[in-house]
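First up is the structure itself, then whatever we jot down about it.
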Amino acid sequence: MIILRFKSPAAWLDAVLNDFDAFLIDHAAAEKKASGMAVSMLSHYPDRTELVNAMVDLSIEEMTHFREVVKILHARGLILGADTRDHYVNALRKEMRQGTEVYLLDRLLIAGIIEARGCERFGMVAEGLPEGQLKQFYRAIAESEARHDHLFSDLALTYFERDIVEARLDVLLDREAEICAALPIQAALH
């Protein structure tokens, strides 16, 4: 359901491959934040059983990814960096509307869009890496992100009518394309 409207440039992949250590540190932070987002959602919507069940599983999966990236960092002699602001995520969050129901819809759709972008970019990384364990790891991460974008769009359809979801997704995908096109080229997920 979520089809991105901006293709990440090859220059982004070049930046990642040229400073892969920096990318790994950023990737670890992104996984940790994704797990925290899932916990936050289940905490804010305890009455939404489908959402709670999905976010419990997602938080564990994202934390597992975090653990795996940390292992890769440590094997390379690297350490975690301090958390930094993710301008891409923050710009998307500014699109969230006020009001209980529309805020939930926007939160679900934006989470799905972020996962879709992660799928695209992790897939690019997997294709750009030489054969080996790291390439396999990033293939698996890209596949996981693909499942996650479907998870969020399915949850949106659980709680909202299809025409409402599709109309809002259309607006958010246009805005995400603008935000992504304006991102600096750097060795970071976003």
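Scheme for the structure tokens: letters A, B, ... for chains in order shown; per-chain residue numbers from 1; ligand numbers from 1 in order shown.
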
Counting only C-alpha atoms, give me one row per residue of stretch 48-113 of chain A with an atom at most 10 Å from an atom of stretch 128-138 of chain A, showing the shortest contact pair and its distance in Å to one decimal, sorted by chain then residue number, as CSV.
```
residue,atom,partner,partner_atom,distance
A:His65,CA,A:Phe137,CA,9.7
A:Glu68,CA,A:Phe137,CA,9.0
A:Val69,CA,A:Phe137,CA,9.3
A:Ile72,CA,A:Leu134,CA,8.7
```

- Item | Surrounding residues of A:Leu24 excluding itself and chain neighbours under 2 positions, 10 Å, only C-alpha atoms, as number ranges by chain | A: 16, 19-22, 26-30, 69-70, 72-73, 78-81, 187-189

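Nearest to A:Gly123 of all the residues A:Ala146, A:Gly99, A:Asp57, A:Leu105 is A:Ala146, counting only C-alpha atoms.
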
- Query: Interatomic distance between atom CA of A:Met41 and atom CA of A:Leu109?
  - Reply: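 Pair atom CA of A:Met41 / atom CA of A:Leu109 returns 12.8 Å.
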
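With atom CA of A:Asp47 on one side and atom CA of A:Ile2 on the other, the separation reads 26.1 Å.
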
- Have a look at A:Ala182, A:Asp14, A:Ala142, A:Arg175 and name the one nearest to A:Leu92; count only C-alpha atoms.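 Among the listed residues, the smallest separation from A:Leu92 belongs to A:Arg175.
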
- Item | Residue neighbourhood A:Tyr103, 12 Å, only C-alpha atoms, exclusion window fewer than 3 positions, as an MDAnalysis selection string | chainID A and resid 41 44:45 93:100 106:111 156 160 168

Take the residues from that selection and write them out as an mmCIF file, in the first residue's frame, keeping C-alpha atoms.
```
data_model
loop_
_atom_site.group_PDB
_atom_site.id
_atom_site.type_symbol
_atom_site.label_atom_id
_atom_site.label_comp_id
_atom_site.auth_asym_id
_atom_site.auth_seq_id
_atom_site.Cartn_x
_atom_site.Cartn_y
_atom_site.Cartn_z
ATOM 1 C CA MET A 41 2.517 3.458 20.845
ATOM 2 C CA HIS A 44 -0.534 5.399 24.489
ATOM 3 C CA TYR A 45 -3.193 3.073 23.073
ATOM 4 C CA ARG A 93 6.212 14.211 12.700
ATOM 5 C CA LYS A 94 5.433 17.878 12.083
ATOM 6 C CA GLU A 95 2.789 16.634 9.634
ATOM 7 C CA MET A 96 0.821 14.954 12.441
ATOM 8 C CA ARG A 97 -2.528 16.588 13.003
ATOM 9 C CA GLN A 98 -4.077 17.375 16.361
ATOM 10 C CA GLY A 99 -7.076 15.367 17.531
ATOM 11 C CA THR A 100 -7.192 11.889 18.966
ATOM 12 C CA ASP A 106 -1.102 10.026 11.035
ATOM 13 C CA ARG A 107 1.110 8.264 13.544
ATOM 14 C CA LEU A 108 0.426 4.878 11.956
ATOM 15 C CA LEU A 109 0.880 6.092 8.391
ATOM 16 C CA ILE A 110 4.046 8.044 9.134
ATOM 17 C CA ALA A 111 5.516 5.024 10.914
ATOM 18 C CA ALA A 156 -4.500 1.959 9.908
ATOM 19 C CA PHE A 160 -10.096 3.670 9.807
ATOM 20 C CA ARG A 168 -4.268 10.851 4.030
#
```

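Each of A:Val171, A:Ile3, A:Leu183, A:Ile141 was compared to A:Gly112 using only C-alpha atoms, and A:Ile3 turns out to be the nearest.
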
- Which residues in stretch 51-184 of chain A does DSSP call helix (DSSP H, G or I)? List them as a VMD selection string. chain A and resid 51 to 75 87 to 93 100 to 128 133 to 159 162 to 181
